[in-house]
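Below is protein31.cif, holding mmCIF, C-alpha atoms (C1' of nucleotides).
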```cif
data_input
loop_
_atom_site.label_atom_id
_atom_site.label_comp_id
_atom_site.auth_asym_id
_atom_site.auth_seq_id
_atom_site.Cartn_x
_atom_site.Cartn_y
_atom_site.Cartn_z
CA MET A 1 0.00 0.00 0.00
CA ALA A 2 0.86 3.68 -0.11
CA SER A 3 1.75 3.99 -3.78
CA ALA A 4 4.35 6.47 -4.98
CA HIS A 5 1.57 8.61 -6.36
CA VAL A 6 0.05 9.07 -2.92
CA LEU A 7 3.42 9.71 -1.31
CA ASP A 8 4.21 12.30 -3.95
CA ALA A 9 1.08 14.22 -3.09
CA ALA A 10 1.70 13.89 0.65
CA GLU A 11 5.29 15.02 0.29
CA ARG A 12 4.33 18.07 -1.69
CA VAL A 13 1.88 19.22 0.97
CA PHE A 14 4.01 18.25 3.96
CA LEU A 15 7.01 20.09 2.52
CA GLU A 16 4.97 23.20 2.05
CA ARG A 17 3.05 23.33 5.30
CA GLY A 18 4.89 21.13 7.76
CA TYR A 19 3.37 18.25 9.72
CA ALA A 20 1.13 20.18 12.08
CA GLY A 21 0.03 22.62 9.37
CA THR A 22 -1.07 19.86 7.00
CA ARG A 23 -4.61 18.54 6.96
CA LEU A 24 -5.51 15.20 5.45
CA ARG A 25 -7.99 17.21 3.43
CA ASP A 26 -5.11 19.04 1.70
CA ILE A 27 -3.44 15.82 0.59
CA ALA A 28 -6.73 14.31 -0.52
CA ASP A 29 -7.49 17.41 -2.58
CA VAL A 30 -4.24 17.05 -4.49
CA LEU A 31 -5.17 13.47 -5.34
CA GLY A 32 -8.75 14.35 -6.12
CA ILE A 33 -10.15 11.94 -3.55
CA ARG A 34 -11.79 12.12 -0.12
CA PRO A 35 -9.79 12.21 3.11
CA ALA A 36 -11.25 8.90 4.26
CA SER A 37 -9.87 7.20 1.15
CA LEU A 38 -6.34 7.89 2.33
CA TYR A 39 -6.76 5.29 5.04
CA HIS A 40 -6.87 2.62 2.38
CA HIS A 41 -3.31 3.54 1.32
CA ALA A 42 -2.04 4.28 4.80
CA PRO A 43 -4.03 2.60 7.57
CA GLY A 44 -1.88 4.42 10.11
CA GLY A 45 -3.30 7.73 8.96
CA LYS A 46 -1.48 11.03 8.99
CA ARG A 47 1.46 9.83 11.03
CA GLU A 48 2.15 6.88 8.72
CA LEU A 49 2.04 9.13 5.67
CA TRP A 50 4.51 11.48 7.33
CA ASP A 51 6.88 8.72 8.33
CA ARG A 52 6.87 7.21 4.84
CA VAL A 53 7.39 10.60 3.21
CA VAL A 54 10.29 11.50 5.47
CA ALA A 55 11.97 8.12 5.15
CA ARG A 56 11.65 8.18 1.37
CA ALA A 57 12.93 11.76 1.07
CA PHE A 58 15.97 11.04 3.22
CA ASP A 59 16.80 7.88 1.30
CA ARG A 60 16.52 9.81 -1.93
CA HIS A 61 18.87 12.48 -0.63
CA ARG A 62 21.43 10.00 0.61
CA ASP A 63 21.46 8.11 -2.68
CA GLY A 64 21.34 11.27 -4.77
CA LEU A 65 24.26 12.85 -2.95
CA ARG A 66 26.36 9.71 -3.08
CA THR A 67 25.68 9.22 -6.78
CA ALA A 68 26.39 12.87 -7.52
CA ALA A 69 29.75 12.57 -5.80
CA GLU A 70 30.64 9.36 -7.61
CA GLN A 71 29.81 10.75 -11.02
CA ALA A 72 31.89 13.86 -10.47
CA GLY A 73 35.54 14.53 -11.10
CA PRO A 74 38.39 13.54 -8.85
CA THR A 75 38.67 16.78 -6.87
CA LEU A 76 36.71 17.92 -3.85
CA ARG A 77 35.51 20.90 -5.81
CA ASP A 78 34.01 18.78 -8.56
CA GLU A 79 32.31 16.53 -6.08
CA LEU A 80 30.86 19.43 -4.13
CA VAL A 81 29.61 21.24 -7.22
CA SER A 82 27.92 18.04 -8.33
CA MET A 83 26.30 17.58 -4.91
CA ALA A 84 25.21 21.21 -4.69
CA SER A 85 23.68 21.01 -8.16
CA TRP A 86 21.76 17.94 -7.17
CA LEU A 87 20.49 19.59 -4.00
CA LEU A 88 19.46 22.74 -5.85
CA ALA A 89 17.60 20.65 -8.42
CA GLN A 90 15.65 18.88 -5.71
CA PRO A 91 11.92 19.42 -5.07
CA PRO A 92 10.71 22.74 -3.73
CA VAL A 93 12.09 23.64 -0.33
CA ASN A 94 14.53 21.80 1.85
CA VAL A 95 14.06 18.54 3.64
CA ALA A 96 16.10 19.68 6.59
CA ALA A 97 13.79 22.56 7.50
CA LEU A 98 10.82 20.25 7.08
CA ALA A 99 12.21 17.70 9.45
CA ALA A 100 13.35 20.37 11.88
CA SER A 101 9.86 21.78 12.14
CA ASP A 102 8.64 18.36 13.14
CA ILE A 103 11.47 17.67 15.53
CA GLY A 104 10.20 20.33 17.89
CA ALA A 105 6.68 18.95 17.82
CA ALA A 106 7.12 15.19 17.78
CA PRO A 107 7.69 13.04 20.85
CA LYS A 108 11.30 13.14 22.02
CA ASP A 109 12.31 9.68 20.86
CA GLU A 110 10.77 10.06 17.42
CA ALA A 111 12.36 13.49 17.08
CA HIS A 112 15.74 12.03 17.88
CA GLU A 113 15.25 9.34 15.27
CA THR A 114 14.34 11.92 12.64
CA ALA A 115 17.38 14.01 13.51
CA GLU A 116 19.62 10.98 13.30
CA ARG A 117 18.20 9.97 9.94
CA MET A 118 18.68 13.50 8.63
CA TYR A 119 22.26 13.49 9.81
CA GLN A 120 22.98 10.16 8.14
CA SER A 121 21.37 11.16 4.84
CA LEU A 122 22.57 14.74 4.43
CA MET A 123 25.66 15.34 6.54
CA VAL A 124 27.44 12.02 6.31
CA PRO A 125 27.69 11.80 2.51
CA ILE A 126 29.20 15.28 2.41
CA ALA A 127 31.46 14.72 5.37
CA ASP A 128 32.68 11.55 3.66
CA VAL A 129 33.92 13.26 0.52
CA TYR A 130 35.42 16.01 2.66
CA ARG A 131 37.26 13.50 4.81
CA ALA A 132 38.52 11.68 1.74
CA ALA A 133 39.82 14.97 0.37
CA GLN A 134 41.57 15.63 3.66
CA GLU A 135 43.28 12.28 3.40
CA ARG A 136 44.35 13.16 -0.11
CA GLY A 137 45.74 16.40 1.29
CA GLU A 138 43.26 18.63 -0.50
CA ALA A 139 41.34 20.45 2.22
CA LEU A 140 43.20 21.82 5.14
CA SER A 141 41.95 24.81 7.09
CA VAL A 142 38.74 23.37 8.52
CA PRO A 143 39.62 20.26 10.48
CA HIS A 144 36.12 18.94 11.25
CA PRO A 145 34.18 17.34 8.39
CA ASP A 146 30.98 17.72 10.43
CA LEU A 147 31.45 21.46 10.68
CA PHE A 148 31.95 21.73 6.96
CA SER A 149 29.05 19.50 6.00
CA GLY A 150 26.69 21.39 8.29
CA VAL A 151 27.66 24.73 6.81
CA PHE A 152 27.56 23.30 3.30
CA VAL A 153 24.02 21.98 3.57
CA ALA A 154 22.85 25.15 5.29
CA ALA A 155 24.53 27.37 2.72
CA VAL A 156 23.03 25.52 -0.24
CA ASN A 157 19.59 25.57 1.33
CA GLY A 158 19.96 29.24 2.16
CA LEU A 159 21.05 29.88 -1.37
CA ALA A 160 18.02 28.05 -2.71
CA ALA A 161 15.76 30.11 -0.46
CA THR A 162 17.41 33.37 -1.49
CA GLU A 163 17.16 32.33 -5.10
CA ARG A 164 13.46 31.51 -4.86
CA ALA A 165 12.90 34.87 -3.21
CA GLY A 166 13.76 36.20 -6.63
CA SER A 167 16.62 38.51 -5.80
CA LEU A 168 19.22 36.43 -7.59
CA PRO A 169 18.19 35.41 -11.10
CA ARG A 170 20.66 33.00 -12.64
CA ALA A 171 21.25 29.41 -13.69
CA ALA A 172 21.29 26.55 -11.19
CA ASN A 173 24.66 25.20 -12.25
CA ASP A 174 26.22 28.63 -11.89
CA LEU A 175 24.76 28.91 -8.42
CA ALA A 176 26.21 25.58 -7.38
CA ALA A 177 29.66 26.50 -8.66
CA GLU A 178 29.44 29.87 -7.00
CA VAL A 179 28.49 28.64 -3.54
CA VAL A 180 31.17 25.95 -3.68
CA SER A 181 33.71 28.52 -4.71
CA LEU A 182 32.59 30.71 -1.85
CA LEU A 183 33.16 27.90 0.63
CA LEU A 184 36.39 26.57 -0.86
CA ASP A 185 38.11 29.79 -1.86
CA GLY A 186 36.36 32.30 0.37
CA VAL A 187 35.17 35.75 -0.62
CA LEU A 188 38.51 37.42 -0.08
CA SER A 189 40.25 35.10 -2.50
CA GLN A 190 40.94 35.86 -6.13
CA ARG A 191 42.62 32.61 -7.00
CA GLU A 192 41.72 30.38 -9.93
CA GLY A 193 39.73 27.17 -9.44
CA ASN A 194 40.76 23.66 -8.42
CA MET B 1 -1.48 45.09 26.38
CA ALA B 2 0.60 42.02 25.62
CA SER B 3 3.39 42.51 28.13
CA ALA B 4 6.93 41.38 27.41
CA HIS B 5 6.45 38.51 29.84
CA VAL B 6 3.61 37.11 27.80
CA LEU B 7 5.46 37.58 24.53
CA ASP B 8 8.50 35.84 25.99
CA ALA B 9 6.43 32.79 26.77
CA ALA B 10 4.72 32.85 23.40
CA GLU B 11 8.01 33.23 21.56
CA ARG B 12 9.55 30.31 23.38
CA VAL B 13 6.72 27.99 22.41
CA PHE B 14 6.28 29.30 18.87
CA LEU B 15 10.00 28.96 18.19
CA GLU B 16 9.97 25.40 19.34
CA ARG B 17 6.80 24.12 17.70
CA GLY B 18 5.97 26.52 14.91
CA TYR B 19 2.68 28.32 14.47
CA ALA B 20 0.44 25.41 13.57
CA GLY B 21 2.02 23.12 16.14
CA THR B 22 1.47 25.53 19.00
CA ARG B 23 -1.68 25.42 21.12
CA LEU B 24 -2.75 28.36 23.25
CA ARG B 25 -2.78 25.81 26.03
CA ASP B 26 0.99 25.43 25.68
CA ILE B 27 1.64 29.15 26.05
CA ALA B 28 -0.78 29.44 28.94
CA ASP B 29 0.95 26.56 30.73
CA VAL B 30 4.28 28.36 30.55
CA LEU B 31 2.69 31.40 32.17
CA GLY B 32 0.78 29.34 34.69
CA ILE B 33 -2.58 30.72 33.58
CA ARG B 34 -5.62 29.52 31.63
CA PRO B 35 -5.87 29.76 27.83
CA ALA B 36 -8.84 32.12 28.08
CA SER B 37 -6.74 34.59 30.08
CA LEU B 38 -4.50 35.11 27.08
CA TYR B 39 -7.28 36.99 25.35
CA HIS B 40 -6.91 39.77 27.90
CA HIS B 41 -3.34 40.37 26.73
CA ALA B 42 -4.01 39.72 23.07
CA PRO B 43 -7.65 40.16 22.06
CA GLY B 44 -6.75 38.99 18.59
CA GLY B 45 -5.92 35.56 19.96
CA LYS B 46 -3.32 33.21 18.55
CA ARG B 47 -2.70 35.17 15.39
CA GLU B 48 -2.07 38.42 17.25
CA LEU B 49 0.39 36.70 19.58
CA TRP B 50 2.22 35.28 16.58
CA ASP B 51 2.36 38.59 14.77
CA ARG B 52 3.69 40.42 17.81
CA VAL B 53 6.27 37.72 18.51
CA VAL B 54 7.54 37.71 14.94
CA ALA B 55 7.65 41.50 14.68
CA ARG B 56 9.52 41.79 17.97
CA ALA B 57 12.00 39.06 17.09
CA PHE B 58 12.80 40.61 13.72
CA ASP B 59 13.23 44.06 15.24
CA ARG B 60 15.55 42.60 17.83
CA HIS B 61 17.61 40.92 15.13
CA ARG B 62 17.84 44.03 13.00
CA ASP B 63 18.97 46.17 15.93
CA GLY B 64 21.25 43.49 17.36
CA LEU B 65 23.01 42.94 14.06
CA ARG B 66 23.44 46.65 13.38
CA THR B 67 24.79 47.27 16.87
CA ALA B 68 27.11 44.30 16.66
CA ALA B 69 28.54 45.65 13.41
CA GLU B 70 28.99 49.17 14.80
CA GLN B 71 30.78 47.99 17.91
CA ALA B 72 33.18 45.85 15.95
CA GLY B 73 36.51 46.69 14.38
CA PRO B 74 37.01 48.45 11.07
CA THR B 75 37.38 45.36 8.88
CA LEU B 76 34.70 43.20 7.31
CA ARG B 77 36.04 40.25 9.24
CA ASP B 78 35.61 41.94 12.61
CA GLU B 79 32.11 43.06 11.75
CA LEU B 80 31.07 39.60 10.59
CA VAL B 81 32.54 37.85 13.62
CA SER B 82 30.67 40.25 15.85
CA MET B 83 27.43 39.64 13.99
CA ALA B 84 27.89 35.88 13.95
CA SER B 85 28.58 35.89 17.68
CA TRP B 86 25.43 37.85 18.31
CA LEU B 87 23.38 35.46 16.17
CA LEU B 88 24.84 32.42 17.89
CA ALA B 89 24.06 33.91 21.30
CA GLN B 90 20.44 34.44 20.32
CA PRO B 91 17.53 32.44 21.77
CA PRO B 92 17.20 28.79 20.98
CA VAL B 93 16.67 28.03 17.31
CA ASN B 94 16.56 30.35 14.36
CA VAL B 95 14.02 32.95 13.47
CA ALA B 96 14.36 32.25 9.78
CA ALA B 97 13.22 28.63 9.99
CA LEU B 98 10.38 29.68 12.24
CA ALA B 99 9.16 32.26 9.82
CA ALA B 100 9.66 29.93 6.88
CA SER B 101 7.39 27.34 8.48
CA ASP B 102 4.72 29.98 8.68
CA ILE B 103 5.25 31.33 5.19
CA GLY B 104 4.01 28.11 3.66
CA ALA B 105 0.92 28.06 5.84
CA ALA B 106 -0.17 31.68 6.04
CA PRO B 107 -2.26 33.48 3.43
CA LYS B 108 -0.21 34.63 0.46
CA ASP B 109 -0.17 38.34 1.27
CA GLU B 110 0.76 37.84 4.92
CA ALA B 111 3.42 35.35 3.91
CA HIS B 112 4.94 37.89 1.57
CA GLU B 113 4.98 40.47 4.33
CA THR B 114 6.74 38.07 6.69
CA ALA B 115 9.31 37.21 4.04
CA GLU B 116 9.93 40.88 3.37
CA ARG B 117 10.36 41.65 7.06
CA MET B 118 12.77 38.75 7.46
CA TYR B 119 14.78 40.01 4.51
CA GLN B 120 14.96 43.53 5.92
CA SER B 121 15.96 42.39 9.40
CA LEU B 122 18.44 39.63 8.63
CA MET B 123 19.80 40.02 5.12
CA VAL B 124 19.97 43.78 4.73
CA PRO B 125 22.18 44.55 7.77
CA ILE B 126 24.68 41.94 6.59
CA ALA B 127 24.50 42.97 2.98
CA ASP B 128 25.12 46.54 4.10
CA VAL B 129 28.44 45.84 5.80
CA TYR B 130 29.42 43.64 2.87
CA ARG B 131 28.63 46.37 0.40
CA ALA B 132 30.57 48.90 2.44
CA ALA B 133 33.54 46.55 2.47
CA GLN B 134 33.29 46.21 -1.30
CA GLU B 135 33.42 49.97 -1.63
CA ARG B 136 36.50 49.99 0.56
CA GLY B 137 37.97 47.39 -1.76
CA GLU B 138 37.98 44.61 0.83
CA ALA B 139 35.74 41.89 -0.56
CA LEU B 140 36.05 40.98 -4.17
CA SER B 141 35.20 37.55 -5.48
CA VAL B 142 31.47 37.44 -4.69
CA PRO B 143 29.86 40.38 -6.42
CA HIS B 144 26.35 40.17 -4.97
CA PRO B 145 25.87 41.24 -1.34
CA ASP B 146 22.53 39.42 -1.30
CA LEU B 147 24.18 36.14 -2.23
CA PHE B 148 26.70 36.53 0.53
CA SER B 149 24.21 37.60 3.20
CA GLY B 150 21.92 34.67 2.39
CA VAL B 151 24.73 32.18 2.67
CA PHE B 152 26.05 33.87 5.79
CA VAL B 153 22.76 33.69 7.67
CA ALA B 154 22.16 30.13 6.53
CA ALA B 155 25.67 29.06 7.46
CA VAL B 156 25.47 30.54 10.95
CA ASN B 157 22.09 28.97 11.55
CA GLY B 158 23.32 25.66 10.22
CA LEU B 159 26.31 25.95 12.46
CA ALA B 160 24.09 26.63 15.46
CA ALA B 161 21.97 23.60 14.59
CA THR B 162 25.00 21.37 14.17
CA GLU B 163 26.39 22.70 17.42
CA ARG B 164 23.19 22.00 19.34
CA ALA B 165 23.13 18.52 17.87
CA GLY B 166 26.17 18.02 20.06
CA SER B 167 28.71 16.90 17.53
CA LEU B 168 30.85 20.01 17.83
CA PRO B 169 31.56 21.01 21.42
CA ARG B 170 33.37 24.33 21.59
CA ALA B 171 33.02 27.98 22.58
CA ALA B 172 30.58 30.30 20.83
CA ASN B 173 33.16 32.94 19.99
CA ASP B 174 35.43 30.36 18.44
CA LEU B 175 32.54 29.12 16.36
CA ALA B 176 31.78 32.59 15.09
CA ALA B 177 35.39 33.22 14.14
CA GLU B 178 35.59 29.84 12.48
CA VAL B 179 32.53 30.20 10.29
CA VAL B 180 33.55 33.70 9.27
CA SER B 181 37.00 32.43 8.41
CA LEU B 182 35.42 29.66 6.40
CA LEU B 183 33.41 32.15 4.36
CA LEU B 184 36.13 34.77 3.98
CA ASP B 185 39.18 32.60 3.47
CA GLY B 186 37.60 29.37 2.28
CA VAL B 187 38.59 25.88 3.34
CA LEU B 188 41.40 25.55 0.84
CA SER B 189 43.13 28.66 2.10
CA GLN B 190 45.94 28.71 4.62
CA ARG B 191 46.45 32.45 4.73
CA GLU B 192 46.51 34.54 7.88
CA GLY B 193 43.59 36.74 8.92
CA ASN B 194 42.81 40.27 7.84
"C1'" DG C 1 -10.30 1.82 -4.27
"C1'" DT C 2 -13.43 5.35 -3.29
"C1'" DC C 3 -17.44 6.86 -1.31
"C1'" DT C 4 -21.01 8.80 2.60
"C1'" DA C 5 -21.97 9.27 7.27
"C1'" DT C 6 -20.61 9.92 11.64
"C1'" DA C 7 -18.25 9.31 16.00
"C1'" DG C 8 -14.94 11.35 19.07
"C1'" DT C 9 -11.68 14.71 20.20
"C1'" DC C 10 -9.27 18.84 20.27
"C1'" DT C 11 -8.87 23.80 19.87
"C1'" DG C 12 -9.70 28.65 19.23
"C1'" DA C 13 -12.65 31.87 20.87
"C1'" DT C 14 -16.59 34.31 23.62
"C1'" DA C 15 -19.44 35.57 27.81
"C1'" DG C 16 -19.63 36.82 32.13
"C1'" DA C 17 -18.49 36.16 37.33
"C1'" DC C 18 -14.92 37.29 40.70
"C1'" DG D 1 -6.13 40.12 35.33
"C1'" DT D 2 -7.66 35.55 35.87
"C1'" DC D 3 -11.16 32.42 36.29
"C1'" DT D 4 -15.21 28.80 34.85
"C1'" DA D 5 -18.35 27.39 31.51
"C1'" DT D 6 -19.45 26.75 27.04
"C1'" DC D 7 -19.99 27.05 22.04
"C1'" DA D 8 -18.85 26.39 17.28
"C1'" DG D 9 -15.88 24.61 14.10
"C1'" DA D 10 -12.27 21.66 12.36
"C1'" DC D 11 -9.84 17.58 12.30
"C1'" DT D 12 -8.53 12.60 12.63
"C1'" DA D 13 -10.26 8.33 12.32
"C1'" DT D 14 -13.77 4.43 11.85
"C1'" DA D 15 -17.77 1.76 9.85
"C1'" DG D 16 -19.81 0.06 6.21
"C1'" DA D 17 -22.07 0.56 1.38
"C1'" DC D 18 -20.88 0.51 -3.52
#
```
Would it be possible to restate this file's structure as C-alpha cells?
Amino acid sequence: MASAHVLDAAERVFLERGYAGTRLRDIADVLGIRPASLYHHAPGGKRELWDRVVARAFDRHRDGLRTAAEQAGPTLRDELVSMASWLLAQPPVNVAALAASDIGAAPKDEAHETAERMYQSLMVPIADVYRAAQERGEALSVPHPDLFSGVFVAAVNGLAATERAGSLPRAANDLAAEVVSLLLDGVLSQREGN
Amino acid sequence: MASAHVLDAAERVFLERGYAGTRLRDIADVLGIRPASLYHHAPGGKRELWDRVVARAFDRHRDGLRTAAEQAGPTLRDELVSMASWLLAQPPVNVAALAASDIGAAPKDEAHETAERMYQSLMVPIADVYRAAQERGEALSVPHPDLFSGVFVAAVNGLAATERAGSLPRAANDLAAEVVSLLLDGVLSQREGN
DNA sequence: GTCTATAGTCTGATAGAC
DNA sequence: GTCTATCAGACTATAGAC
C-alpha cells in the first residue's frame, strides 16, 4: 500500500506546510479523492504518511548525494559542485527545515530518530567526501568534516531560499559553482579554481 | 497590552513548535494561567500573539546585528565575527526557519509580508556591511551582497543547529570566528587573517 | 479503491463572574 | 487580570455501502 503517487502528493503538501500545518484534506485534494480514502493507502493515517514521506525523502537524498559525488571529477571541488547542483535541483524547499519543524513537535524519541536519519542522509555523505579529500591532502583549514558539511548543507539551502525569493536570477549550475567557490576559496580570495 | 512577559512565553513555544504546532494551552501553561486569560493580553488571539512575537524578534535581530557591526573593528572580518557571535548567542533556534514554516501556511499576502520583514531584518544589515567593504575594496570575489548575506545567515544557523546537535563542542566565539573564516578565506586557504 | 456518514476529540474563541 | 463554563468549528479516524 501507499503507492508512490500518494506519497508524492503527501510530500508536496508536507514540505509546504509542515506536519502540524497539513490537513488530510489538503493531501486528498491534491489526489482528487476524499480524506477517508487515504486510510486505504495508509491505515496508520497522517502519522504513517509522514513517516513514509520522510523516510523516502531522506533515502533519496542519501542516494542522490552519493551518486552525484561518484559521477563527479576527482577533486573535492568537482564533487561538491555536483552535490550542490543535485540539491538545488531537488523538489521545492529543503528537507532539513521540514524535518526540523517536526522535531520540535514530535515526541522526544521520534524526534531524535528523525534528527539521526537526517544526519545520516545529508551530513554524512558530504562529510565523507570532505574527509577523503583531507586524506588526499586537499582540504586543510577546517579540520572537522561535520562542521563543513553542516555549513555546506545550510549554505546551499539558504542559497536556494534566497534564489526563490527572486533577488538572484541566474542558472542553477552557476549557483552551485558559486556557492562551492565561496566555501572553498572564500570571498577574499581571487585565485583560480581547483 | 501584551506585556513582554507574555510575549517571551509565546516566543519560546512558537520557536519550538511553529505556528500550527502551537496550542494556546501550551503558552498558557508556561505562564501558569488559563488559555482564556491570554485573550486579555491579546484580544486577537493566537494570530495576534504570533504577529507580535515575529515583529519583535525581527526588530531585535535588526537592531542586534546593526549594533554588533557598529561595535566591531574596522574590517569586514571583525564586523562579521561580531554579527555571527550575536546570532549564535540568540535564543534557541533560528528565526528564519520559524518564519519559513509559517510562510508556507499563512495566506499569500501575509506570507509575503513576513518574508519581506525577514529580509529587511536579517539580510539587509549583513548585505550593508558587505557592500561597504566592497566599496572599501575589501571583498572581491562574490559580487552580490545578497548572495553573501543569504549564505552567511544560513551558514550561521546551520552551524548553530550542528552545534546543538552536540557533535561540535566548543566555545561560541570560536565558532563565530571559524565560520567567518570559512566564508572569507575558504577551506582551501591557509592564509593569515585580515 | 473510493465513497457517505458519523463518531470522538481537540482547539480557538466568547461571555460573564470574581 | 484571571477564572469557569461553554460554544462552534475543524480535524482525525472508523464503519460500512458501492
Selection: 10 Å around Arg34 (chain A), only C-alpha atoms (C1' of nucleotides), excl. self and same-chain fewer than 6 positions, as a VMD selection string
(chain A and resid 24 to 28) or (chain C and resid 2 to 3)
Same residues, C-alpha atoms (C1' of nucleotides), output as a CSV table (one decimal), in the coordinates of the input:
```csv
chain,number,residue,atom,x,y,z
A,24,LEU,CA,-5.5,15.2,5.4
A,25,ARG,CA,-8.0,17.2,3.4
A,26,ASP,CA,-5.1,19.0,1.7
A,27,ILE,CA,-3.4,15.8,0.6
A,28,ALA,CA,-6.7,14.3,-0.5
C,2,DT,C1',-13.4,5.4,-3.3
C,3,DC,C1',-17.4,6.9,-1.3
```
Any chance you could work out the residue set of the PyMOL selection byres ((chain B) within 8 of (chain D)) here, as a list of chain:residue names?
B:Ile33, B:Arg34, B:Ser37, B:His40
Would you list which chain B residues are within 6 Å of chain A using all atoms listed in the file, as an MDAnalysis selection string?
chainID B and resid 16:17 20:21 104:105 139:142 150:151 154:155 158:159 183:188
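Interface residues on chain B toward chain C (cut-off 8 Å, all atoms listed in the file): Arg23, Gly45 and Lys46 of chain B.
Between CA of Ser3 (chain A) and CA of Glu70 (chain A) there is a distance of 29.6 Å.
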For the atom pair CA of Pro145 (chain B) and CA of Tyr130 (chain A), what is the interatomic distance in Å to one decimal place?
27.3 Å
